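Chemist: Please find coords-v9.txt (compact mmCIF, C-alpha atoms) on the next line:
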# COMPACT_ATOMS: atom_id res chain seq x y z
CA MET A 1 0.00 0.00 0.00
CA ASN A 2 1.25 3.50 -0.87
CA ILE A 3 0.31 6.05 1.79
CA LYS A 4 0.60 9.81 1.30
CA ILE A 5 0.25 11.93 4.45
CA ILE A 6 -0.57 15.51 3.42
CA CYS A 7 -0.07 18.44 5.82
CA ARG A 8 -0.02 22.20 5.57
CA ARG A 9 3.31 22.46 7.39
CA TYR A 10 5.63 20.78 9.86
CA CYS A 11 5.23 22.06 13.44
CA PRO A 12 7.98 20.51 15.56
CA ASN A 13 7.01 19.02 18.92
CA GLU A 14 3.32 19.84 18.72
CA ALA A 15 1.05 16.97 19.69
CA TRP A 16 -0.54 16.53 16.25
CA THR A 17 2.91 16.56 14.62
CA ASN A 18 4.19 13.83 16.92
CA ARG A 19 1.06 11.83 16.14
CA MET A 20 1.62 12.30 12.40
CA LEU A 21 5.24 11.13 12.70
CA ALA A 22 4.15 8.08 14.71
CA TYR A 23 1.60 7.31 11.99
CA ALA A 24 4.34 7.48 9.35
CA LYS A 25 6.69 5.29 11.35
CA GLY A 26 3.97 2.74 12.07
CA PHE A 27 2.90 2.54 8.43
CA ALA A 28 6.52 2.05 7.33
CA GLU A 29 7.20 -0.62 9.93
CA ASN A 30 4.05 -2.41 8.81
CA GLY A 31 5.67 -2.69 5.36
CA HIS A 32 3.97 0.14 3.47
CA SER A 33 5.44 2.88 1.29
CA VAL A 34 5.03 6.24 3.06
CA ALA A 35 5.52 9.85 1.98
CA LEU A 36 5.02 13.01 4.05
CA ILE A 37 3.99 16.00 1.91
CA PHE A 38 4.32 19.53 3.35
CA LEU A 39 3.01 22.57 1.49
CA ILE A 40 4.57 25.49 3.34
CA THR A 41 7.23 26.16 5.95
CA ASP A 42 7.84 28.76 8.66
CA ASN A 43 8.88 32.32 7.91
CA ASN A 44 12.55 31.38 8.21
CA ARG A 45 12.12 28.54 5.69
CA THR A 46 13.73 26.16 8.16
CA PRO A 47 14.65 22.75 6.68
CA TYR A 48 13.64 20.33 9.45
CA THR A 49 15.18 16.87 9.51
CA ILE A 50 12.74 13.95 9.67
CA ALA A 51 14.76 10.75 9.67
CA ILE A 52 12.30 7.85 9.78
CA PRO A 53 13.41 4.70 7.93
CA GLY A 54 11.13 3.98 4.97
CA VAL A 55 9.49 7.43 5.04
CA LYS A 56 10.04 9.91 2.22
CA VAL A 57 9.68 13.63 2.94
CA ILE A 58 8.44 15.92 0.15
CA ASN A 59 8.70 19.64 0.92
CA LEU A 60 6.74 21.31 -1.87
CA TRP A 61 7.89 24.72 -0.61
CA GLU A 62 11.52 24.03 -1.47
CA SER A 63 10.82 24.81 -5.13
CA ASP A 64 9.09 28.15 -4.43
CA ASN A 65 10.27 30.90 -6.75
CA ALA A 66 11.45 34.30 -5.51
CA ILE A 67 7.99 35.91 -5.58
CA VAL A 68 6.23 33.01 -3.83
CA ARG A 69 8.87 32.94 -1.08
CA MET A 70 7.81 36.42 0.00
CA HIS A 71 4.26 35.38 0.99
CA ARG A 72 3.29 32.21 2.88
CA GLY A 73 -0.32 32.51 1.69
CA LEU A 74 0.85 32.59 -1.90
CA SER A 75 3.17 29.66 -1.21
CA TYR A 76 0.21 27.66 0.08
CA LEU A 77 -1.90 28.38 -3.03
CA TRP A 78 1.06 27.66 -5.29
CA ASN A 79 1.96 24.36 -3.68
CA LYS A 80 -1.49 22.88 -3.16
CA ASN A 81 -1.77 22.80 -6.95
CA LYS A 82 1.30 20.56 -7.03
CA ILE A 83 -0.21 17.84 -4.84
CA LYS A 84 -1.82 16.00 -7.73
CA ARG A 85 1.60 15.39 -9.28
CA TYR A 86 2.46 13.08 -6.41
CA ILE A 87 -0.78 11.07 -6.35
CA GLU A 88 -0.82 7.64 -7.97
CA ASP A 89 -3.53 5.05 -8.61
CA GLY A 90 -4.31 3.06 -5.48
CA ASP A 91 -2.80 5.58 -3.06
CA VAL A 92 -4.21 6.07 0.43
CA CYS A 93 -4.21 9.81 1.16
CA LEU A 94 -4.39 10.81 4.82
CA MET A 95 -5.19 14.49 5.37
CA PHE A 96 -4.46 16.38 8.59
CA ASP A 97 -6.16 19.65 7.65
CA ALA A 98 -9.88 20.37 7.88
CA SER A 99 -9.69 22.46 4.72
CA GLY A 100 -11.42 21.06 1.65
CA ASN A 101 -8.66 22.46 -0.57
CA TYR A 102 -6.44 19.41 -0.37
CA ILE A 103 -9.16 16.98 -1.29
CA LYS A 104 -10.09 19.07 -4.33
CA GLU A 105 -6.53 18.90 -5.61
CA VAL A 106 -6.40 15.14 -5.08
CA GLN A 107 -9.70 14.80 -6.91
CA LYS A 108 -8.31 16.78 -9.84
CA SER A 109 -5.60 14.15 -10.22
CA SER A 110 -8.28 11.77 -11.59
CA LYS A 111 -6.55 8.93 -9.74
CA ARG A 112 -8.25 6.05 -7.97
CA VAL A 113 -7.45 6.73 -4.31
CA LYS A 114 -8.72 6.20 -0.81
CA LEU A 115 -9.33 9.51 0.90
CA CYS A 116 -8.90 9.56 4.68
CA PHE A 117 -9.20 12.40 7.16
CA GLU A 118 -8.22 12.46 10.82
CA THR A 119 -9.48 14.89 13.43
CA THR A 120 -8.89 14.90 17.17
CA GLU A 121 -10.97 18.01 17.91
CA HIS A 122 -14.67 18.89 17.95
CA PRO A 123 -15.62 21.23 15.06
CA LYS A 124 -16.81 23.88 17.54
CA VAL A 125 -13.23 24.11 18.77
CA LEU A 126 -11.72 24.36 15.30
CA LEU A 127 -14.26 26.68 13.67
CA ARG A 128 -16.41 29.73 14.39
CA GLY A 129 -20.13 29.72 13.81
CA ASP A 130 -22.64 27.36 12.24
CA THR A 131 -21.87 28.44 8.68
CA GLN A 132 -18.21 27.40 8.92
CA ILE A 133 -19.14 24.13 10.60
CA LYS A 134 -21.67 23.29 7.87
CA LYS A 135 -19.10 24.01 5.19
CA TYR A 136 -16.56 21.87 7.03
CA LEU A 137 -18.96 18.93 7.40
CA LYS A 138 -19.90 19.23 3.73
CA SER A 139 -16.21 18.98 2.76
CA LEU A 140 -15.92 15.70 4.69
CA GLU A 141 -18.63 13.99 2.64
CA SER A 142 -16.14 13.09 -0.11
CA TYR A 143 -13.83 11.20 2.24
CA ASP A 144 -13.91 7.41 2.37
CA HIS A 145 -12.91 7.33 6.02
CA ILE A 146 -13.02 9.77 8.93
CA PHE A 147 -10.80 8.81 11.85
CA VAL A 148 -11.46 10.32 15.27
CA ILE A 149 -9.78 9.95 18.66
CA SER A 150 -12.74 9.35 20.98
CA GLU A 151 -16.11 7.63 21.16
CA THR A 152 -17.74 10.96 22.00
CA LEU A 153 -16.36 12.52 18.81
CA ARG A 154 -17.43 9.50 16.76
CA LYS A 155 -20.95 9.83 18.13
CA TYR A 156 -21.02 13.48 17.05
CA TYR A 157 -20.19 12.70 13.42
CA VAL A 158 -22.66 9.84 13.25
CA GLU A 159 -25.37 12.13 14.64
CA MET A 160 -24.42 14.65 11.92
CA GLY A 161 -25.43 12.07 9.32
CA PHE A 162 -22.20 10.26 8.48
CA GLU A 163 -22.42 6.50 8.04
CA SER A 164 -21.36 4.60 11.14
CA ARG A 165 -18.91 2.44 9.17
CA LYS A 166 -17.27 5.54 7.73
CA VAL A 167 -16.33 7.02 11.14
CA GLN A 168 -13.78 4.96 13.06
CA ILE A 169 -11.76 5.47 16.23
CA ILE A 170 -7.97 5.45 16.28
CA ASN A 171 -6.99 5.84 19.92
CA MET A 172 -4.30 8.10 21.22
CA PHE A 173 -0.93 6.50 20.50
CA VAL A 174 2.73 7.23 21.09
CA ASP A 175 6.11 6.26 19.68
CA SER A 176 7.41 4.81 22.94
CA ASP A 177 10.70 3.87 21.24
CA ARG A 178 11.74 7.53 21.69
CA PHE A 179 11.92 6.94 25.45
CA GLU A 180 13.80 3.65 25.45
CA GLY A 181 17.31 3.91 26.87
CA VAL A 182 16.73 7.46 28.12
CA ASN A 183 17.90 7.62 31.74
CA LYS A 184 17.62 10.28 34.41
CA THR A 185 20.66 12.54 34.42
CA CYS A 186 19.31 15.53 36.35
CA LYS A 187 19.13 15.65 40.16
CA ASP A 188 16.85 18.69 40.27
CA LYS A 189 13.27 18.05 41.35
CA TYR A 190 10.64 19.44 39.04
CA VAL A 191 7.04 19.02 37.94
CA ALA A 192 6.77 19.23 34.16
CA TYR A 193 4.06 20.13 31.67
CA CYS A 194 4.56 20.10 27.90
CA GLY A 195 2.32 21.35 25.12
CA VAL A 196 1.01 24.52 23.55
CA VAL A 197 0.56 26.69 26.63
CA SER A 198 -3.09 27.69 27.00
CA TYR A 199 -5.92 28.07 29.51
CA ASP A 200 -8.79 26.49 27.56
CA LYS A 201 -7.12 23.26 26.40
CA ASP A 202 -4.59 22.35 29.07
CA GLY A 203 -5.56 24.50 32.05
CA VAL A 204 -2.08 25.89 32.65
CA ASN A 205 -3.58 28.49 35.01
CA VAL A 206 -5.00 25.69 37.20
CA LEU A 207 -1.63 23.95 37.09
CA ILE A 208 0.18 27.07 38.29
CA GLU A 209 -2.36 27.66 41.06
CA SER A 210 -1.99 24.02 42.11
CA PHE A 211 1.79 24.25 42.05
CA ALA A 212 1.64 27.31 44.33
CA LYS A 213 -0.14 25.20 46.98
CA PHE A 214 2.21 22.26 46.38
CA HIS A 215 5.28 24.51 46.58
CA ARG A 216 4.40 25.63 50.11
CA VAL A 217 4.80 22.01 51.22
CA PHE A 218 7.69 21.07 48.89
CA PRO A 219 9.70 24.26 48.25
CA ASP A 220 12.60 22.32 46.68
CA TYR A 221 10.54 21.55 43.54
CA LYS A 222 10.32 23.72 40.45
CA LEU A 223 7.73 23.80 37.68
CA TYR A 224 8.82 23.41 34.05
CA ILE A 225 6.38 24.69 31.45
CA ILE A 226 7.61 23.33 28.13
CA GLY A 227 6.34 24.66 24.82
CA ARG A 228 5.27 27.83 23.05
CA PHE A 229 2.42 30.03 24.22
CA ILE A 230 -0.73 29.88 22.12
CA ASN A 231 -0.65 33.69 21.86
CA GLN A 232 0.93 36.76 23.44
CA GLU A 233 -2.12 37.48 25.60
CA THR A 234 -1.87 34.03 27.21
CA GLU A 235 1.84 34.53 27.80
CA ARG A 236 1.15 37.82 29.55
CA LYS A 237 -1.61 36.32 31.73
CA VAL A 238 0.43 33.24 32.68
CA LYS A 239 3.49 35.22 33.68
CA GLU A 240 1.38 37.74 35.60
CA LEU A 241 -0.24 34.84 37.50
CA ALA A 242 3.17 33.39 38.32
CA GLU A 243 4.33 36.78 39.61
CA LYS A 244 1.13 37.30 41.62
CA LEU A 245 1.64 33.92 43.32
CA LYS A 246 5.33 34.73 43.92
CA LEU A 247 6.47 31.84 41.76
CA SER A 248 8.54 33.71 39.18
CA ASN A 249 11.78 32.17 40.51
CA CYS A 250 10.22 28.70 40.76
CA ILE A 251 8.81 28.35 37.24
CA LYS A 252 11.00 27.75 34.21
CA PHE A 253 9.45 28.62 30.84
CA THR A 254 11.60 26.61 28.45
CA GLY A 255 9.87 27.63 25.24
CA GLN A 256 9.82 25.12 22.40
CA ILE A 257 12.55 22.54 22.60
CA PRO A 258 13.87 20.23 19.84
CA TYR A 259 11.89 17.06 19.13
CA ASN A 260 14.82 14.79 19.98
CA ASP A 261 15.41 16.53 23.33
CA MET A 262 11.84 16.15 24.62
CA PRO A 263 12.19 12.56 25.94
CA LYS A 264 15.18 13.56 28.09
CA VAL A 265 13.38 16.57 29.60
CA LEU A 266 10.29 14.48 30.43
CA VAL A 267 12.27 11.52 31.79
CA ASN A 268 14.28 13.83 34.07
CA ALA A 269 11.10 15.24 35.61
CA SER A 270 9.99 14.03 39.05
CA ILE A 271 6.27 14.36 38.26
CA LEU A 272 4.43 14.98 34.98
CA ALA A 273 1.26 17.06 35.18
CA LEU A 274 -1.74 17.85 32.99
CA ALA A 275 -4.63 19.87 34.47
CA ARG A 276 -7.10 19.80 31.56
CA PRO A 277 -10.40 21.60 32.30
CA ASP A 278 -13.85 20.15 31.68
CA ASN A 279 -14.96 21.78 28.43
CA ILE A 280 -16.17 20.79 24.97
CA GLN A 281 -12.63 20.43 23.66
CA ASN A 282 -11.56 17.97 26.33
CA GLN A 283 -14.90 16.16 26.48
CA ASN A 284 -14.39 15.13 22.85
CA GLY A 285 -10.61 14.92 22.55
CA PHE A 286 -7.88 12.88 24.18
CA PRO A 287 -4.47 14.30 25.20
CA THR A 288 -1.86 12.70 22.96
CA LYS A 289 0.88 14.06 25.24
CA LEU A 290 -0.45 11.71 27.92
CA GLY A 291 1.08 8.81 25.99
CA GLU A 292 4.47 10.51 26.18
CA TYR A 293 4.04 11.16 29.89
CA LEU A 294 3.22 7.51 30.57
CA SER A 295 6.08 6.27 28.39
CA THR A 296 8.62 7.83 30.77
CA GLY A 297 7.59 5.61 33.67
CA ASN A 298 7.38 8.72 35.87
CA PRO A 299 4.40 9.44 38.13
CA VAL A 300 1.65 11.27 36.25
CA VAL A 301 -1.01 13.57 37.72
CA VAL A 302 -3.84 14.27 35.28
CA THR A 303 -7.44 15.45 35.48
CA ARG A 304 -10.42 13.21 34.75
CA ALA A 305 -11.21 15.05 31.52
CA GLY A 306 -13.06 13.37 28.66
CA GLU A 307 -12.39 9.66 28.18
CA ILE A 308 -9.18 9.45 30.21
CA THR A 309 -10.91 7.33 32.87
CA LYS A 310 -11.79 4.73 30.21
CA PHE A 311 -8.11 3.82 30.10
CA LEU A 312 -6.45 5.06 33.30
CA LYS A 313 -7.39 4.05 36.83
CA ASP A 314 -6.55 6.25 39.80
CA LYS A 315 -3.53 5.03 41.79
CA GLU A 316 -3.11 2.15 39.37
CA HIS A 317 -1.73 3.83 36.23
CA ALA A 318 -1.65 7.50 37.29
CA TYR A 319 -3.12 9.91 39.83
CA LEU A 320 -6.44 11.34 38.68
CA ALA A 321 -7.69 14.70 39.93
CA LYS A 322 -10.95 16.61 39.56
CA CYS A 323 -11.20 19.04 36.65
CA ASP A 324 -11.02 22.77 37.39
CA ASP A 325 -10.05 22.13 41.02
CA SER A 326 -6.60 23.46 41.93
CA GLU A 327 -6.96 22.23 45.52
CA ASP A 328 -7.57 18.63 44.49
CA PHE A 329 -4.81 18.75 41.88
CA ALA A 330 -2.38 20.16 44.44
CA ASN A 331 -3.32 17.39 46.89
CA LYS A 332 -2.49 14.79 44.24
CA LEU A 333 0.91 16.38 43.65
CA ILE A 334 1.57 16.45 47.39
CA TYR A 335 0.53 12.81 47.76
CA VAL A 336 2.91 11.75 44.98
CA ALA A 337 5.84 13.66 46.50
CA ARG A 338 5.17 12.22 49.97
CA HIS A 339 4.85 8.65 48.71
CA TYR A 340 7.35 8.81 45.87
CA ASP A 341 8.53 5.17 46.05
CA VAL A 342 4.93 4.00 45.62
CA ALA A 343 4.32 6.62 42.93
CA ILE A 344 7.24 5.27 40.88
CA THR A 345 5.59 1.84 40.94
CA ILE A 346 2.36 3.43 39.69
CA GLY A 347 4.35 5.22 36.99
CA LEU A 348 5.79 1.95 35.75
CA GLN A 349 2.28 0.50 35.58
CA GLY A 350 1.31 3.50 33.49
CA LYS A 351 4.24 2.82 31.17
CA LYS A 352 3.11 -0.78 30.77
CA LEU A 353 -0.38 0.45 29.85
CA ALA A 354 1.07 2.83 27.26
CA LEU A 355 3.06 0.02 25.65
CA GLU A 356 0.00 -2.22 25.49
CA GLU A 357 -2.89 0.13 24.67
CA PHE A 358 -1.26 3.15 23.07
CA SER A 359 1.28 1.46 20.83
CA TYR A 360 1.78 3.25 17.51
CA LEU A 361 2.18 -0.12 15.79
CA LYS A 362 -1.10 -1.42 17.19
CA GLN A 363 -3.08 1.67 16.21
CA THR A 364 -1.57 2.08 12.73
CA SER A 365 -2.26 -1.61 12.11
CA ARG A 366 -5.89 -0.90 12.95
CA PHE A 367 -5.94 1.99 10.47
CA ILE A 368 -4.53 -0.25 7.73
CA GLN A 369 -6.99 -3.03 8.50
CA ILE A 370 -9.95 -0.66 8.21
CA VAL A 371 -8.76 0.70 4.87
CA GLU A 372 -7.80 -2.69 3.44
CA ASN A 373 -11.18 -4.16 4.30
CA GLU A 374 -12.67 -1.88 1.65
CA GLN A 375 -9.73 -1.87 -0.75
CA ASN A 376 -11.57 -4.03 -3.24
CA ASN A 377 -14.27 -1.36 -3.43
CA ILE A 378 -11.82 1.45 -4.19
CA CYS A 379 -13.28 4.03 -6.52
CA CYS A 380 -12.36 7.26 -8.18
CA ALA A 381 -12.31 10.12 -5.65
CA ASP A 382 -14.72 12.11 -7.81
CA PRO A 383 -16.34 9.98 -10.55
CA ARG A 384 -18.04 13.08 -11.95
Please express the file's structure as structure tokens.

Modeler:
Amino acid sequence: MNIKIICRRYCPNEAWTNRMLAYAKGFAENGHSVALIFLITDNNRTPYTIAIPGVKVINLWESDNAIVRMHRGLSYLWNKNKIKRYIEDGDVCLMFDASGNYIKEVQKSSKRVKLCFETTEHPKVLLRGDTQIKKYLKSLESYDHIFVISETLRKYYVEMGFESRKVQIINMFVDSDRFEGVNKTCKDKYVAYCGVVSYDKDGVNVLIESFAKFHRVFPDYKLYIIGRFINQETERKVKELAEKLKLSNCIKFTGQIPYNDMPKVLVNASILALARPDNIQNQNGFPTKLGEYLSTGNPVVVTRAGEITKFLKDKEHAYLAKCDDSEDFANKLIYVARHYDVAITIGLQGKKLALEEFSYLKQTSRFIQIVENEQNNICCADPR
């Protein structure tokens, strides 16, 4: 099977990017031909290295002419028209962008392909207003398969009129190989969070408030917040909150760190934390970073958001706290620090769960099985 994964751009160390890379690796290790196709790059035109055996990287932006290089929007329009050159009969095309533009270009290729789309977010999180959502849902009608990350999200699409067989769940998964052989080398004690720093999605404000309470009991710990801020306003609010709680000297904002360095930073942490609030985004999604947390074998404190409790049991795989409750989250952190030997045992159980349930090979095999079951019925993307 030839699989083309088509993305707008490469965003190093973001959760969806890590998931995309794990998809590519899993497909390749399952014996399939894989190509990653990126349309645009960042403003610095940075050539990122993606070294996955059996995976070809096609940066359409590398051939931009002088005029196109000056405008990323123009680069996008220019390069999406090139996609059809790389599509062959029988290809499986996996799209990671809600835009209908990609699918139109694939359809113009007049090739017989399987069109697949993956989304890990509810449309109300991605889009504004009913008009945009209707347009988005209409664009998905041409896909052969829609892959979602949770049962709640699957239910939504089925209720919106999509055939039940067309909407399938691919669970959160992680490339746990990245964490093998990575040992603790840092003696500093710190609680770590990684992701795009925000209030709505990951509740970083609740985490900081919780850490303030925890820090009064364990002043030798620091808090590492790893990743870029979602916007300047959030950065301002987060740093003002840290200053208000007199934590400025206790919190380290690392910014975005290289993909290959992330396992080391997470493994060196004493506790890994994720204080997701209870909202529509988290009720329908599933935190892919949780797989990375568990893969370290470190103790994990996480809120009971969405479908997390379907997989993780409190004090068996991780420590589960109430959503939007800084007091309860702080108590969980304190419990872990006070009973750290026991917490390490729980962390190792969480790692075992990640290897069994959230294996990238297991989940990509499921993807392939779903597509291959209908391979004999493959049809032209747009017979009209």

Chemist: So the first atom is CA of Phe367 in chain A and the second is CA of Ile170 in chain A; what is the distance between them in Å, to one decimal place?

Modeler: 7.1 Å

Chemist: What's the separation between CA of Asn284 in chain A and CA of Asp314 in chain A, in Å to one decimal place?

Modeler: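 Separation of CA of Asn284 in chain A and CA of Asp314 in chain A: 20.7 Å.
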
Chemist: Report as a count of residues only all protein, DNA and RNA residues lying within 6 Å of range 332-346 of chain A, evaluated on only C-alpha atoms, omitting residues in the same chain fewer than 3 positions from it.

Modeler: 6

Chemist: Please, what distance in Å, to one decimal, runs between CA of Ile5 in chain A and CA of Met95 in chain A?

Modeler: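 CA of Ile5 in chain A sits 6.1 Å away from CA of Met95 in chain A.
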
Chemist: Excluding range 186-201 of chain A and any residue of its chain fewer than 2 positions from it, enumerate the residues within 9 Å of it, using all atoms listed in the file, and give them as a compact mmCIF listing (two decimals) with C-alpha atoms, in the coordinates of the input.

Modeler:
# COMPACT_ATOMS: atom_id res chain seq x y z
CA ASN A 13 7.01 19.02 18.92
CA GLU A 14 3.32 19.84 18.72
CA ALA A 15 1.05 16.97 19.69
CA LYS A 184 17.62 10.28 34.41
CA GLY A 203 -5.56 24.50 32.05
CA VAL A 204 -2.08 25.89 32.65
CA ASN A 205 -3.58 28.49 35.01
CA VAL A 206 -5.00 25.69 37.20
CA LEU A 207 -1.63 23.95 37.09
CA PHE A 211 1.79 24.25 42.05
CA ASP A 220 12.60 22.32 46.68
CA TYR A 221 10.54 21.55 43.54
CA LYS A 222 10.32 23.72 40.45
CA LEU A 223 7.73 23.80 37.68
CA TYR A 224 8.82 23.41 34.05
CA ILE A 225 6.38 24.69 31.45
CA ILE A 226 7.61 23.33 28.13
CA GLY A 227 6.34 24.66 24.82
CA ARG A 228 5.27 27.83 23.05
CA PHE A 229 2.42 30.03 24.22
CA ILE A 230 -0.73 29.88 22.12
CA ASN A 231 -0.65 33.69 21.86
CA THR A 234 -1.87 34.03 27.21
CA GLU A 235 1.84 34.53 27.80
CA VAL A 238 0.43 33.24 32.68
CA GLN A 256 9.82 25.12 22.40
CA MET A 262 11.84 16.15 24.62
CA VAL A 265 13.38 16.57 29.60
CA LEU A 266 10.29 14.48 30.43
CA ASN A 268 14.28 13.83 34.07
CA ALA A 269 11.10 15.24 35.61
CA SER A 270 9.99 14.03 39.05
CA ILE A 271 6.27 14.36 38.26
CA LEU A 272 4.43 14.98 34.98
CA ALA A 273 1.26 17.06 35.18
CA LEU A 274 -1.74 17.85 32.99
CA ARG A 276 -7.10 19.80 31.56
CA PRO A 277 -10.40 21.60 32.30
CA ASN A 279 -14.96 21.78 28.43
CA GLN A 281 -12.63 20.43 23.66
CA ASN A 282 -11.56 17.97 26.33
CA LYS A 289 0.88 14.06 25.24
CA LEU A 333 0.91 16.38 43.65

Chemist: Looking at all atoms listed in the file, which of A:Trp61, A:Trp16, A:Phe173, A:Tyr157 is the one that sits closest to Lys362 in chain A?

Modeler: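 Checking each of A:Trp61, A:Trp16, A:Phe173, A:Tyr157 against Lys362 in chain A, counting all atoms listed in the file, the winner is A:Phe173.
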
Chemist: Need the shell around Arg154 in chain A: protein/DNA/RNA residues with any atom at most 10 Å away, counting all atoms listed in the file. Skip same-chain ones fewer than 6 positions apart. Format as a PyMOL selection string?

Modeler: chain A and resi 122+146-148+160+162+164+166-169+284

Chemist: Considering all atoms listed in the file, tabulate each residue of range 205-292 of chain A that lies at most 12 Å from range 28-49 of chain A along with its nearest interatomic pair and the corresponding distance in Å to one decimal; arrange the rows by chain and ascending residue number and present them as a tab-separated table.

Modeler:
residue	atom	partner	partner_atom	distance
A:Pro258	CA	A:Tyr48	CA	10.4
A:Tyr259	CA	A:Thr49	CA	10.2
A:Asn260	CA	A:Thr49	CA	10.7

Chemist: In the coordinate frame of the file, compute which residues have an atom within 9 Å of (-8.3, 3.6, 3.7) when using only C-alpha atoms, and state them as a PyMOL selection string.

Modeler: chain A and resi 91-94+113-116+144-145+367-375+378

Chemist: Pull the closest atom pair for each residue of range 175-224 of chain A that gets at most 12 Å from range 20-25 of chain A, along with the distance in Å to one decimal, counting all atoms listed in the file, ordering rows by chain and then ascending residue number, as a tab-separated table.

Modeler:
residue	atom	partner	partner_atom	distance
A:Asp175	CA	A:Ala22	CA	5.6
A:Ser176	CA	A:Ala22	CA	9.4
A:Asp177	CA	A:Ala22	CA	10.2
A:Arg178	CA	A:Ala22	CA	10.3

Chemist: Looking at A:Ser295, A:Thr254, A:Ser326, A:Ser359, which one is nearest to Gly181 in chain A, with distances taken over only C-alpha atoms?

Modeler: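 Under the stated criterion, the closest residue is A:Ser295.
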
Chemist: Excluding Leu74 in chain A and its own-chain neighbours fewer than 5 positions away, which residues fall within 10 Å of it when counting only C-alpha atoms? Please give them as a PyMOL selection string.

Modeler: chain A and resi 40+64+67-69+79

Chemist: Counting all atoms listed in the file, which of A:Gly54, A:Gln283, A:Ala305, A:Ala330 gets nearest to Ala212 in chain A?

Modeler: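 Closest residue, counting all atoms listed in the file: A:Ala330.
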
Chemist: Restricting the calculation to only C-alpha atoms, which member of A:Val301, A:Ala242, A:Leu294, A:Ile83 is positioned closest to Lys352 in chain A?

Modeler: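 Smallest separation from Lys352 in chain A among the options: A:Leu294.
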